[in-house]
Amino acid sequence: MVRWSETLGRACRLQGSMPEISASNRKSFVSQSVQLHSFEGGVCNPHTLAALSNMRSSAELPSFKLNSGTSMPAIGLGFANADNSPDSKAIAAVLHAIEVGYRHFDTASIYGTECALGDALSKALSAGMVSRQDLFITSKLWSDSHDPKDVIPALQQTLTNLKLDYLDLYLIHSPMKLKKGAIYPPKAEEVLPSDIEGAWSGMETCFERGLAKAIGVSNFLVKDLAQLLAHARVPPAVNQVEMHPVWQQKKLRKFCNGVGIHVSAWSPLGAPGTYYGINDVFTNPVIKSISSKHNKSPTQVALRWSFQLGASVLPKSFTFSRIIENFNISDWELSPEDMTNIGNIKRRPLSILEQYYIEHGTPFKTMDDSEDEDP
Ligand SMILES: NC(=O)c1ccc[n+]([C@@H]2O[C@H](COP(=O)([O-])OP(=O)(O)OC[C@H]3O[C@@H](n4cnc5c(N)ncnc54)[C@H](OP(=O)(O)O)[C@@H]3O)[C@@H](O)[C@H]2O)c1
């Protein structure tokens with residue numbers, strides 16, 4: 001059996017995180033016929049529609065080549081529904097996003113949104129809006145199913161919810177192993193000793209059976225990745241982590257780049273307006289000044305910054321105008337000076353969730369246990 005760590009130095013470095021334009025995503029915004037108001041939950045009036053049309057660009061959707069050999073579109077629609085929007089609004093958002101040009105959707109079993117995404121995708125597929133091979137669908141193994149025997153059944157339930165027969169990417173949601181039935185955030189007594197190796201062996205079976213075209217992890221620190229790489233037969237293709245201008249993940253990105261693991265940015269806007277997020281990204285003076293200089297929104301600057309660093313971005317929005325705004329980041333660029341200035345933004349203080357983890361006796365006891373410290 002060849003361990004991944006044995007081939008790390010050679011193969012991984014060949015498969016860095018350079019953006020590419022995939023043939024399947026060579027769709028021009030302009031050439032698409034967009035009916036923004038045609039779905040249940042649509043909110044656009046004709047004036048807004050005209051304004052939105054002007055916001056569209058002829059930009060093509062770039063993608064990143066993963067070490068699995070498959071390509072991941074660089075911009076995905078996040079599908080965590082933190083404000084409990086009705087399914088009809090979530091479904092309308094997906095259909096709108098597909099018309100706009102999104103092909104990548106990110107959900108997880110713990111979000112409770114897999115069924116709504118499945119409904120939207122089956123509508124889009126049966127209406128001929130898109131074909132399955134052009135879509136890139138990610139979901140995640142929840143922490144109460146890390147036992148190797150639980151992984152395939154968990155993925156099968158996810159596939160049933162999504163009405164699909166394979167995922168493009170399946171991720172271990174967190175290195176933390178929880179008791180069966182524990183939800184998020186967990187109580188201290190629900191946290192079990194971690195078994196990354198066991199969970200990963202189940203993930204490898206998913207990959208080998210073709211149920212997931214690529215497998216990866218989420219919220220893994222450098223030490224978790226090193227532990228995983230020491231045992232893996234199939235290397236993780238992706239580590240999905242919190243990343244935005246006030247939480248930059250410098251140390252983790254450097255490690256991932258070195259071993260060919262693609263970094264995907266969750267909460268790329270800092271999750272403004274959610275119970276766990278912050279508003280510090282949009283209000284940051286550096287972001288605001290760069291946004292005025294380029295005549296782009298602070299959101300677009302934040303997303304473009306992550307993208308330019310080689311990370312895919314997963315902004316969540318169920319608002320039609322924002323879905324378009326968040327997609328328009330690939331036909332302009334930040335200067336090296338802009339990138340340096342954003343790179344110098346200070347890290348934010350602890351989030352509510354990080355405080356919760358520390359106060360509730362989970363394995364995370366300090367800030368640096370819960371995230372890799374930036375240099
Ligand atoms: N792996 C993990 O542990 C993990 C954790 C968190 C998130 N995620 C993934 O990452 C995705 C994105 O993260 P997130 O949802 O936490 O946060 P986010 O994408 O950073 O922010 C979402 C919030 O920003 C608002 N928003 C979106 N676009 C905007 C714009 N252009 N202008 C102003 N406000 C805007 C949204 O509101 P509206 O919807 O009302 O427009 C929503 O309240 C999730 O949906 C999920 O798929 C993964």
# chains A, B, ... in the order shown; residues from 1 in each chain; ligands from 1
$ residues_near_ligand --ligand "ligand 1" --cutoff "6 Å" --atoms "only C-alpha atoms and all ligand atoms" --output "number ranges by chain"
A: 78-80, 106-107, 173, 218, 240, 266-274, 299, 314-319, 322, 325-326
$ residues_around --residues "A:Ile98" --least-positions-apart "3" --cutoff "8 Å" --atoms "only C-alpha atoms" --output "list in words"
Val94, Leu95, Gly101, Tyr102, Arg103, Ala124, Met129 and Val130 of chain A
$ closest_residue --among "A:Gln227, A:Ser71, A:Ser174, A:Ser63" --to "A:Val241" --atoms "only C-alpha atoms"
A:Ser174
$ closest_residue --among "A:Ala97, A:Ala311, A:Leu169, A:Leu66" --to "A:Phe136" --atoms "only C-alpha atoms"
A:Leu169
$ atom_distance --atom1 "atom CA of A:Gly76" --atom2 "atom CA of A:Met339"
22.1 Å
$ closest_residue --among "A:Gln308, A:Val222, A:Gly198, A:Glu204" --to "A:Lys251" --atoms "only C-alpha atoms"
A:Val222
